[in-house]
Structures are given as C-alpha cells and as structure tokens.
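Below is data_37.txt, holding compact mmCIF, C-alpha atoms and all ligand atoms.
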```
# COMPACT_ATOMS: atom_id res chain seq x y z
CA MET A 1 4.82 28.15 20.59
CA PRO A 2 1.46 28.85 22.31
CA PRO A 3 -1.71 27.29 20.80
CA GLY A 4 -3.32 29.66 18.29
CA ASP A 5 -0.01 31.34 17.53
CA ARG A 6 0.40 31.85 13.75
CA VAL A 7 4.02 32.06 12.74
CA ALA A 8 5.92 32.62 9.50
CA LEU A 9 9.46 31.31 9.46
CA VAL A 10 11.69 33.27 7.11
CA ARG A 11 15.42 33.63 6.46
CA ARG A 12 16.87 36.85 5.09
CA PRO A 13 18.92 36.73 1.88
CA GLY A 14 22.64 37.38 1.99
CA PRO A 15 25.10 39.27 -0.22
CA ARG A 16 25.92 36.12 -2.25
CA LEU A 17 22.33 35.54 -3.33
CA GLU A 18 23.26 35.69 -6.98
CA ASP A 19 25.34 32.51 -6.57
CA GLY A 20 22.11 30.61 -5.91
CA LEU A 21 21.38 27.54 -8.00
CA VAL A 22 19.58 27.77 -11.32
CA THR A 23 18.37 24.63 -13.10
CA HIS A 24 15.58 25.39 -15.55
CA VAL A 25 16.23 29.07 -16.27
CA ARG A 26 19.08 31.09 -17.75
CA ARG A 27 21.29 32.77 -15.11
CA ARG A 28 20.68 36.52 -14.82
CA PRO A 29 22.36 39.11 -12.57
CA VAL A 30 20.67 39.55 -9.20
CA ASP A 31 20.59 42.84 -7.31
CA ALA A 32 21.25 41.89 -3.67
CA ALA A 33 20.13 45.27 -2.30
CA LEU A 34 16.84 45.11 -4.22
CA ALA A 35 16.39 41.50 -3.07
CA ALA A 36 16.80 42.62 0.55
CA ARG A 37 14.07 45.27 0.05
CA GLN A 38 11.77 42.78 -1.67
CA HIS A 39 12.29 40.34 1.20
CA ALA A 40 11.44 43.06 3.73
CA ALA A 41 8.20 43.74 1.83
CA TYR A 42 7.46 40.00 1.74
CA ARG A 43 7.93 39.76 5.53
CA ASP A 44 5.71 42.79 5.94
CA ALA A 45 2.97 41.17 3.83
CA LEU A 46 3.03 38.08 6.05
CA ALA A 47 3.00 40.19 9.20
CA ARG A 48 0.01 42.18 7.92
CA SER A 49 -1.86 38.94 7.39
CA GLY A 50 -1.56 38.25 11.11
CA ARG A 51 1.61 36.15 11.25
CA ARG A 52 4.35 36.56 13.81
CA ILE A 53 7.64 36.62 11.91
CA HIS A 54 10.19 34.17 13.30
CA GLU A 55 13.57 34.56 11.66
CA VAL A 56 16.08 31.82 11.05
CA ALA A 57 19.53 33.37 11.52
CA PRO A 58 20.86 34.22 8.05
CA ASP A 59 23.95 32.45 6.75
CA ASP A 60 25.87 34.44 4.16
CA ALA A 61 27.83 31.35 3.08
CA LEU A 62 24.63 29.66 1.86
CA PRO A 63 23.21 31.62 -1.11
CA ASP A 64 19.97 29.62 -1.37
CA ALA A 65 19.19 29.64 2.38
CA VAL A 66 16.56 32.37 1.81
CA PHE A 67 14.40 29.69 0.14
CA VAL A 68 13.66 28.36 3.60
CA GLU A 69 10.71 26.16 2.72
CA ASP A 70 13.01 23.63 1.09
CA ALA A 71 14.74 22.79 4.38
CA LEU A 72 11.61 22.23 6.43
CA VAL A 73 8.14 20.68 6.25
CA VAL A 74 5.76 21.43 9.12
CA CYS A 75 2.65 19.35 9.66
CA ASP A 76 0.61 20.05 12.80
CA ARG A 77 3.33 20.31 15.48
CA LEU A 78 5.87 18.12 13.70
CA ALA A 79 8.81 19.81 11.99
CA ILE A 80 10.55 17.60 9.43
CA LEU A 81 14.08 18.66 8.59
CA THR A 82 14.72 17.71 5.00
CA ARG A 83 17.69 16.40 3.06
CA SER A 84 17.86 18.36 -0.17
CA GLY A 85 18.31 16.70 -3.53
CA ALA A 86 20.86 19.48 -4.16
CA PRO A 87 23.87 18.46 -2.02
CA ARG A 88 25.14 22.03 -1.62
CA ARG A 89 21.85 23.02 0.03
CA ARG A 90 22.04 20.43 2.82
CA ALA A 91 23.98 22.67 5.22
CA GLU A 92 20.95 24.98 5.40
CA VAL A 93 19.18 22.61 7.77
CA ALA A 94 21.39 23.35 10.80
CA GLY A 95 20.18 26.93 11.21
CA VAL A 96 16.58 25.93 10.51
CA GLU A 97 16.81 23.23 13.20
CA ARG A 98 17.84 25.84 15.79
CA ALA A 99 14.93 28.10 14.83
CA VAL A 100 12.45 25.23 15.02
CA ALA A 101 13.77 24.20 18.45
CA ALA A 102 13.07 27.74 19.67
CA LEU A 103 9.44 27.29 18.58
CA GLY A 104 9.18 24.11 20.67
CA LEU A 105 8.04 21.89 17.79
CA GLU A 106 8.70 18.18 17.72
CA THR A 107 11.36 17.36 15.12
CA ALA A 108 12.09 14.50 12.75
CA ARG A 109 14.37 14.29 9.74
CA ILE A 110 14.65 12.80 6.32
CA GLU A 111 17.66 10.50 6.61
CA ALA A 112 20.28 9.58 3.98
CA PRO A 113 20.15 8.31 1.33
CA ALA A 114 16.61 9.68 0.87
CA THR A 115 16.25 13.16 -0.60
CA LEU A 116 13.36 15.57 -0.24
CA ASP A 117 12.96 19.33 -0.74
CA GLY A 118 10.11 21.11 1.01
CA GLY A 119 9.18 22.73 -2.31
CA ASP A 120 7.98 19.31 -3.40
CA VAL A 121 5.48 19.00 -0.54
CA LEU A 122 2.00 20.40 -1.09
CA GLN A 123 -0.42 19.97 1.80
CA VAL A 124 -4.12 20.19 0.94
CA GLY A 125 -6.31 19.26 3.87
CA ALA A 126 -5.47 15.71 4.90
CA THR A 127 -3.74 14.96 1.58
CA VAL A 128 -0.06 15.60 1.10
CA TYR A 129 1.18 15.58 -2.50
CA VAL A 130 4.89 14.97 -2.88
CA GLY A 131 6.64 15.76 -6.15
CA LEU A 132 9.09 13.25 -7.59
CA GLY A 133 11.58 15.03 -9.82
CA GLY A 134 15.09 16.42 -9.66
CA ARG A 135 15.14 17.06 -5.91
CA THR A 136 12.90 14.48 -4.21
CA ASP A 137 13.22 10.75 -4.78
CA GLY A 138 11.03 7.73 -4.00
CA ARG A 139 12.84 7.14 -0.71
CA GLY A 140 12.14 10.72 0.33
CA ALA A 141 8.46 10.29 -0.46
CA ALA A 142 8.38 7.01 1.49
CA ALA A 143 10.09 8.63 4.48
CA LEU A 144 7.56 11.45 4.41
CA ARG A 145 4.72 8.95 4.28
CA ALA A 146 6.09 7.08 7.31
CA LEU A 147 6.19 10.34 9.28
CA LEU A 148 2.83 11.75 8.19
CA GLU A 149 0.51 8.76 8.05
CA PRO A 150 0.46 8.53 11.87
CA LEU A 151 -0.80 12.14 11.79
CA GLY A 152 -3.77 11.07 9.65
CA ARG A 153 -2.36 12.30 6.34
CA THR A 154 -2.46 10.48 3.00
CA VAL A 155 0.73 10.96 1.02
CA VAL A 156 0.38 10.92 -2.78
CA PRO A 157 3.55 10.89 -4.95
CA VAL A 158 3.29 12.98 -8.15
CA ARG A 159 5.82 12.89 -11.00
CA THR A 160 6.93 16.33 -12.20
CA HIS A 161 8.52 17.27 -15.53
CA GLY A 162 10.74 20.23 -16.39
CA VAL A 163 10.16 22.14 -13.15
CA LEU A 164 12.27 22.51 -10.03
CA HIS A 165 9.64 21.40 -7.54
CA LEU A 166 6.02 20.28 -7.41
CA LYS A 167 5.04 23.69 -6.03
CA SER A 168 6.84 25.37 -8.95
CA ALA A 169 4.01 23.86 -11.01
CA VAL A 170 0.98 23.46 -8.73
CA THR A 171 -0.31 25.04 -5.53
CA ALA A 172 -3.72 25.15 -3.86
CA LEU A 173 -6.30 27.86 -3.27
CA PRO A 174 -7.87 28.18 0.20
CA ASP A 175 -10.78 25.90 -0.83
CA GLY A 176 -8.32 23.18 -1.91
CA THR A 177 -8.68 23.75 -5.67
CA LEU A 178 -5.35 23.08 -7.38
CA ILE A 179 -4.04 25.72 -9.75
CA GLY A 180 -1.00 25.86 -11.97
CA ARG A 181 0.49 24.09 -14.94
CA PRO A 182 -1.11 20.69 -15.62
CA ASP A 183 1.50 20.06 -18.37
CA ALA A 184 4.29 19.85 -15.77
CA VAL A 185 2.81 17.18 -13.49
CA ASP A 186 1.29 13.69 -13.68
CA THR A 187 -2.34 14.76 -13.65
CA ALA A 188 -3.53 11.13 -13.45
CA VAL A 189 -2.92 11.13 -9.69
CA LEU A 190 -4.25 14.64 -9.02
CA PRO A 191 -7.67 16.26 -8.83
CA PRO A 192 -8.26 18.71 -11.72
CA VAL A 193 -5.64 21.47 -11.96
CA ARG A 194 -7.03 24.86 -12.98
CA ALA A 195 -4.60 26.29 -15.56
CA VAL A 196 -3.19 29.76 -14.82
CA ALA A 197 -2.56 32.66 -17.19
CA GLU A 198 1.15 33.07 -16.32
CA GLU A 199 3.82 30.58 -15.25
CA THR A 200 4.44 32.41 -11.99
CA GLY A 201 0.69 32.43 -11.33
CA ALA A 202 1.10 28.75 -10.44
CA HIS A 203 2.43 29.84 -7.04
CA VAL A 204 -0.02 31.07 -4.48
CA LEU A 205 0.30 31.03 -0.72
CA PRO A 206 -3.00 30.94 1.20
CA LEU A 207 -2.72 33.37 4.11
CA GLY A 208 -5.91 32.48 5.96
CA GLY A 209 -9.56 33.11 5.14
CA ASP A 210 -10.01 34.12 1.51
CA GLU A 211 -6.63 35.83 1.19
CA VAL A 212 -3.80 34.60 -1.02
CA LEU A 213 -0.29 35.89 -1.56
CA ILE A 214 0.83 36.04 -5.20
CA GLY A 215 3.81 37.48 -7.09
CA ALA A 216 3.55 40.79 -8.96
CA SER A 217 4.75 38.96 -12.08
CA ALA A 218 1.35 37.24 -12.39
CA PRO A 219 -1.16 40.12 -12.73
CA ARG A 220 -3.59 38.23 -14.98
CA THR A 221 -3.73 35.26 -12.61
CA ALA A 222 -4.23 37.64 -9.68
CA ALA A 223 -7.15 39.27 -11.52
CA ASP A 224 -8.64 35.84 -12.24
CA LEU A 225 -8.40 34.93 -8.55
CA ARG A 226 -10.12 38.17 -7.55
CA GLY A 227 -12.82 37.22 -10.07
CA LEU A 228 -13.26 33.98 -8.14
CA GLY A 229 -13.81 35.99 -4.95
CA TYR A 230 -10.35 35.82 -3.39
CA ARG A 231 -8.48 38.74 -1.90
CA THR A 232 -4.97 38.95 -3.32
CA ARG A 233 -1.94 40.33 -1.52
CA VAL A 234 0.65 41.08 -4.20
CA VAL A 235 4.40 41.15 -3.59
CA ASP A 236 7.23 41.78 -6.02
CA ILE A 237 9.79 39.01 -5.58
CA GLY A 238 11.42 39.43 -8.98
CA GLU A 239 15.01 39.01 -7.74
CA PHE A 240 14.10 35.64 -6.20
CA GLU A 241 12.21 34.53 -9.31
CA LYS A 242 15.50 34.88 -11.23
CA LEU A 243 16.72 31.98 -9.07
CA GLU A 244 13.54 29.91 -9.52
CA GLY A 245 12.09 31.05 -6.20
CA CYS A 246 8.45 31.91 -5.63
CA VAL A 247 6.10 33.19 -2.91
CA THR A 248 5.77 29.78 -1.26
CA CYS A 249 9.47 29.06 -0.95
CA LEU A 250 10.45 32.17 1.03
CA SER A 251 8.59 31.09 4.18
CA VAL A 252 7.17 28.22 6.17
CA LEU A 253 3.83 28.93 7.82
CA VAL A 254 3.27 27.32 11.19
CA GLY A 255 -0.11 27.29 12.93
CA ALA A 256 -3.58 27.55 11.42
N1 LIG B 301 10.63 25.79 -3.04
C1 LIG B 301 11.18 26.53 -3.97
O1 LIG B 301 10.54 26.96 -4.92
N2 LIG B 301 12.49 26.78 -3.86
C2 LIG B 301 13.24 27.55 -4.78
C3 LIG B 301 14.68 27.19 -4.68
C4 LIG B 301 15.52 27.96 -5.61
C5 LIG B 301 16.99 27.66 -5.50
N3 LIG B 301 17.74 28.54 -6.35
C6 LIG B 301 17.30 26.22 -5.85
O2 LIG B 301 17.55 25.95 -7.02
O3 LIG B 301 17.34 25.37 -4.99
```
Just dump the structure as structure tokens.
Ligand SMILES: NC(=O)NCCC[C@H](N)C(=O)O
Amino acid sequence: MPPGDRVALVRRPGPRLEDGLVTHVRRRPVDAALAARQHAAYRDALARSGRRIHEVAPDDALPDAVFVEDALVVCDRLAILTRSGAPRRRAEVAGVERAVAALGLETARIEAPATLDGGDVLQVGATVYVGLGGRTDGRGAAALRALLEPLGRTVVPVRTHGVLHLKSAVTALPDGTLIGRPDAVDTAVLPPVRAVAEETGAHVLPLGGDEVLIGASAPRTAADLRGLGYRTRVVDIGEFEKLEGCVTCLSVLVGA
C-alpha cells in the first residue's frame, strides 16, 4: 500500500445474513437483497469520501463476516487479526488475513485464550480505548496493549454494560470529542461523553476533515452534529442495524 493511500476494507454480505448473531435485540427478518443494496451505497459513500475500496472476498458460510471491523484492528501499518469473543465468528479472520497481506501491512494476532473484537477498540489520537464486555476480555486488552504501546499508544480498558461492543455505545468526532451513551460505559475512565439524541447516533465514523458518516436512523443526532459544524454523510444501513451492526463495523479504514 503506497504512502498516502487511503483505503476502506469492506466485505460484502451474503445470502445468509439473517442468520447473523443477535445478543441485545429481538431477532427480526432481514432482507438480503435490500442489505446488498445498502452495502453498495455504504461502499459508495466511502469511495466518495476519497477512499479506495479494498474488498475482502465474501464468505457465504459466515453470516456475520460483513461486520469486518470485528476481525481486524489497524494501527499505523500494523494489522492485528483478532480472536472474537463469539466462537462462531473466529473463522472470519482467514479471509481478512489474505486481504491484509495484499495491502502489504505488517500483521500480528490476538492469541488464544485471549478474546477481542475490533468493535471494542476505539482509537482517539494516541489513546486506544478497549471495551471489556461480552466479546473482549482482560487478556485481549492486555494483548492489545503489548502490541500498541511500542507504537506510542496508551491503551485504556473501559467496562461496558448492556451493549455488544464499546463502539456500540461510544465513538469519537474528528476533534476527539466522545459521543454516545454514557449510561453504557464506565465513564470514570473516559473523558466526558456527549450524550446523543438516538441510540444509533452513538455511532459515527470520521471520514477525514470535518466529515462524519452516520446512519439514517439517527436524524436528530445528525442535525446536532451539523449544528456543531460537521458535514454529515448519511447512509441507510437498517438491515445491518437489525443484527446490531452500525456504520463503524462495516469497514476498516486504513491510512490517514
Ligand atoms: N463492531 C460491530 O458493531 N459489530 C457488529 C456485529 C454484529 C454481529 N451480528 C455480532 O453479533 O457479532
């Protein structure tokens, strides 16, 4: 991957998407054809923000593979292949590893028995918050710390409650301000978290400059962010939200 290249890794959903895991929400039918269209629009939004789309080969046997951020954490030029806290998601890493190798990144992995999902890893400048909840354990956080401290990062574990991942509850605006649901995380270890108007407004993906990607299900949060001076790029990812997915989890951004 040449210096300056800005890439978005994505993985298209398959026909068995509706068999994806649900933990904190009631299962609802998922329309696979609509999901495919929503994913195409999501890829298009990332491409329009100046990202080169790099696709991980889809795997129709792995319904949750579309949530690619859980299998991979990228920090500078290091790609960390994770070991999900959901055993049936662990096979997703193989395809992601091949895609990462094609980008020429250095690789490392979270080794058993540690568990870590990428959705629990929130990078804000030189600080990396790691959620401790259903999917990531203390060993996973320690393994992440051992890999990232040499890169000048400070790793801060954060307990989560009643949410799938840390980034289900809290994400960061381009200036580093945290936004989301303070009730779902241990706020004692975090800077102030700006509460959002809708649950799905907790998920924003900074795209560069003052632009953020946000789901169409959070119109009041999007309006608030525009009020703060941000440009919002809105995508409808409703079929993925039925499976506890959000705008962050459908991609991994590599490069500034
Ligand atoms: N990082 C994320 O927010 N990932 C969403 C994963 C959803 C998937 N159905 C799961 O339960 O693992």
Next item on the list: Please identify the residues whose atoms come within 6 Å of ligand LIG 301 (chain B), using only C-alpha atoms and all ligand atoms, and report them as a list in words.
Entry: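 Those within range of ligand LIG 301 (chain B) are Gly20, Leu21, Val22, Asp64, Phe67, Glu69, Asp70, Gly119, Ser168, Leu243, Glu244, Gly245, Cys246 and Cys249 of chain A.
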Residues of the last selection are to be written out with C-alpha atoms, as a PDB file, keeping the file's coordinate frame.
```pdb
ATOM      1  CA  GLY A  20      22.110  30.610  -5.910  1.00  0.00           C
ATOM      2  CA  LEU A  21      21.380  27.540  -8.000  1.00  0.00           C
ATOM      3  CA  VAL A  22      19.580  27.770 -11.320  1.00  0.00           C
ATOM      4  CA  ASP A  64      19.970  29.620  -1.370  1.00  0.00           C
ATOM      5  CA  PHE A  67      14.400  29.690   0.140  1.00  0.00           C
ATOM      6  CA  GLU A  69      10.710  26.160   2.720  1.00  0.00           C
ATOM      7  CA  ASP A  70      13.010  23.630   1.090  1.00  0.00           C
ATOM      8  CA  GLY A 119       9.180  22.730  -2.310  1.00  0.00           C
ATOM      9  CA  SER A 168       6.840  25.370  -8.950  1.00  0.00           C
ATOM     10  CA  LEU A 243      16.720  31.980  -9.070  1.00  0.00           C
ATOM     11  CA  GLU A 244      13.540  29.910  -9.520  1.00  0.00           C
ATOM     12  CA  GLY A 245      12.090  31.050  -6.200  1.00  0.00           C
ATOM     13  CA  CYS A 246       8.450  31.910  -5.630  1.00  0.00           C
ATOM     14  CA  CYS A 249       9.470  29.060  -0.950  1.00  0.00           C
TER      15      CYS A 249
END
```
Notebook entry, point to check: Between A:Pro29, A:Phe240, A:Thr115, A:Gly125, which one has atoms that come closest to A:Arg12, using all atoms listed in the file?
Noted result: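 Answer, going by the shortest atom-to-atom distance: A:Phe240.
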Enclosing box along x, y and z for every listed atom of stretch 193-204 of chain A, padded 3 Å each side, centre and size in Å, one decimal, as AutoDock Vina command-line options:
```
--center_x -1.3 --center_y 27.3 --center_z -10.8 --size_x 17.5 --size_y 17.6 --size_z 18.7
```
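Taking atom CA of A:Arg220 as the reference point, atom CA of A:Ala172 is found at 17.2 Å.
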I'd like a table as a tab-separated table: residues in stretch 163-200 of chain A with an atom no more than 9 Å from stretch 147-159 of chain A, each row giving the shortest atom pair and its distance in Å to one decimal, all atoms listed in the file counted, sorted by chain and rising residue number.
```
residue	atom	partner	partner_atom	distance
A:Leu166	CA	A:Val158	CA	7.8
A:Ala184	CA	A:Arg159	CA	8.6
A:Val185	CA	A:Arg159	CA	5.8
A:Asp186	CA	A:Arg159	CA	5.3
A:Thr187	CA	A:Val158	CA	8.1
A:Ala188	CA	A:Val158	CA	8.8
A:Val189	CA	A:Val158	CA	6.7
A:Leu190	CA	A:Val158	CA	7.8
```
Check: Counting only C-alpha atoms, which of A:Cys75, A:Gly215, A:Val254, A:Ile179 gets nearest to A:Glu239?
Finding: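 Result for the nearest residue to A:Glu239: A:Gly215.
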Check: Hey, what's within 10 Å of stretch 34-41 of chain A if we count all atoms listed in the file and toss same-chain stuff fewer than 5 positions away? As number ranges by chain, please?
Finding: A: 10-15, 17-18, 46-47, 66, 235-240, 250
So that I have them on file, write out the residues from the current selection with C-alpha atoms, as a compact mmCIF listing (two decimals), keeping the file's coordinate frame.
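Once everything was written out, this is again_8.txt:
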```txt
# COMPACT_ATOMS: atom_id res chain seq x y z
CA VAL A 10 11.69 33.27 7.11
CA ARG A 11 15.42 33.63 6.46
CA ARG A 12 16.87 36.85 5.09
CA PRO A 13 18.92 36.73 1.88
CA GLY A 14 22.64 37.38 1.99
CA PRO A 15 25.10 39.27 -0.22
CA LEU A 17 22.33 35.54 -3.33
CA GLU A 18 23.26 35.69 -6.98
CA LEU A 46 3.03 38.08 6.05
CA ALA A 47 3.00 40.19 9.20
CA VAL A 66 16.56 32.37 1.81
CA VAL A 235 4.40 41.15 -3.59
CA ASP A 236 7.23 41.78 -6.02
CA ILE A 237 9.79 39.01 -5.58
CA GLY A 238 11.42 39.43 -8.98
CA GLU A 239 15.01 39.01 -7.74
CA PHE A 240 14.10 35.64 -6.20
CA LEU A 250 10.45 32.17 1.03
```
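Across A:Ala222, A:Ala256, A:Ala99, A:Met1, the tightest approach to A:Gly209 is made by A:Ala256 when counting only C-alpha atoms.
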Check: So, counting only C-alpha atoms, which residue among A:Val196, A:Ala108, A:Ala79, A:Leu164 is closest to A:Gly131?
Finding: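 So, comparing all the options, the nearest one is A:Leu164.
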Note to self: Report, in Å to a single decimal, how far apart atom CA of A:Val163 and atom CA of A:Val25 are.
What the structure shows: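 Pair atom CA of A:Val25 / atom CA of A:Val163 returns 9.7 Å.
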Per residue of stretch 123-149 of chain A within 8 Å of stretch 83-88 of chain A, record the nearest atom pair and its distance in Å to one decimal, counting all atoms listed in the file, with rows in chain order and ascending residue number, as JSON lines.
```
{"residue": "A:Gly134", "atom": "CA", "partner": "A:Gly85", "partner_atom": "CA", "distance": 6.9}
{"residue": "A:Arg135", "atom": "CA", "partner": "A:Gly85", "partner_atom": "CA", "distance": 4.0}
{"residue": "A:Thr136", "atom": "CA", "partner": "A:Gly85", "partner_atom": "CA", "distance": 5.9}
{"residue": "A:Asp137", "atom": "CA", "partner": "A:Gly85", "partner_atom": "CA", "distance": 7.9}
```
Check: In terms of the shortest atom-to-atom distance over only C-alpha atoms, which of A:Leu132, A:Ser251, A:Thr127, A:Ala216 is closest to A:Pro191?
Finding: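 With only C-alpha atoms as the atom set, the closest residue is A:Thr127.
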Next item on the list: Between atom CA of A:Gly201 and atom CA of A:Val247, measure the distance and give it in Å to one decimal.
Entry: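 One can read the atom CA of A:Gly201 to atom CA of A:Val247 distance as 10.0 Å.
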Next item on the list: Could you give me, as a PyMOL selection string, the residues within 9 Å of A:Ala195, counting only C-alpha atoms and dropping anything in the same chain fewer than 4 positions from it?
Entry: chain A and resi 178-182+202
Check: Leaving out A:Ala45 and any residue of its chain fewer than 6 positions from it, which residues lie within 9 Å of it when counting only C-alpha atoms, given as a ChimeraX atom specification?
Finding: /A:213,233-235
Notebook entry, point to check: For A:Leu72, which of A:Arg48, A:Arg231, A:Arg98, A:Lys242 is the closest residue, counting only C-alpha atoms?
Noted result: A:Arg98
Distance query 12 Å from (-9.8, 33.3, 4.8) using all atoms listed in the file, result as a PDB file with C-alpha atoms, in the frame of the given file:
```pdb
ATOM      1  CA  SER A  49      -1.860  38.940   7.390  1.00  0.00           C
ATOM      2  CA  GLY A  50      -1.560  38.250  11.110  1.00  0.00           C
ATOM      3  CA  LEU A 173      -6.300  27.860  -3.270  1.00  0.00           C
ATOM      4  CA  PRO A 174      -7.870  28.180   0.200  1.00  0.00           C
ATOM      5  CA  ASP A 175     -10.780  25.900  -0.830  1.00  0.00           C
ATOM      6  CA  LEU A 205       0.300  31.030  -0.720  1.00  0.00           C
ATOM      7  CA  PRO A 206      -3.000  30.940   1.200  1.00  0.00           C
ATOM      8  CA  LEU A 207      -2.720  33.370   4.110  1.00  0.00           C
ATOM      9  CA  GLY A 208      -5.910  32.480   5.960  1.00  0.00           C
ATOM     10  CA  GLY A 209      -9.560  33.110   5.140  1.00  0.00           C
ATOM     11  CA  ASP A 210     -10.010  34.120   1.510  1.00  0.00           C
ATOM     12  CA  GLU A 211      -6.630  35.830   1.190  1.00  0.00           C
ATOM     13  CA  VAL A 212      -3.800  34.600  -1.020  1.00  0.00           C
ATOM     14  CA  LEU A 213      -0.290  35.890  -1.560  1.00  0.00           C
ATOM     15  CA  GLY A 229     -13.810  35.990  -4.950  1.00  0.00           C
ATOM     16  CA  TYR A 230     -10.350  35.820  -3.390  1.00  0.00           C
ATOM     17  CA  ARG A 231      -8.480  38.740  -1.900  1.00  0.00           C
ATOM     18  CA  THR A 232      -4.970  38.950  -3.320  1.00  0.00           C
ATOM     19  CA  ALA A 256      -3.580  27.550  11.420  1.00  0.00           C
TER      20      ALA A 256
END
```
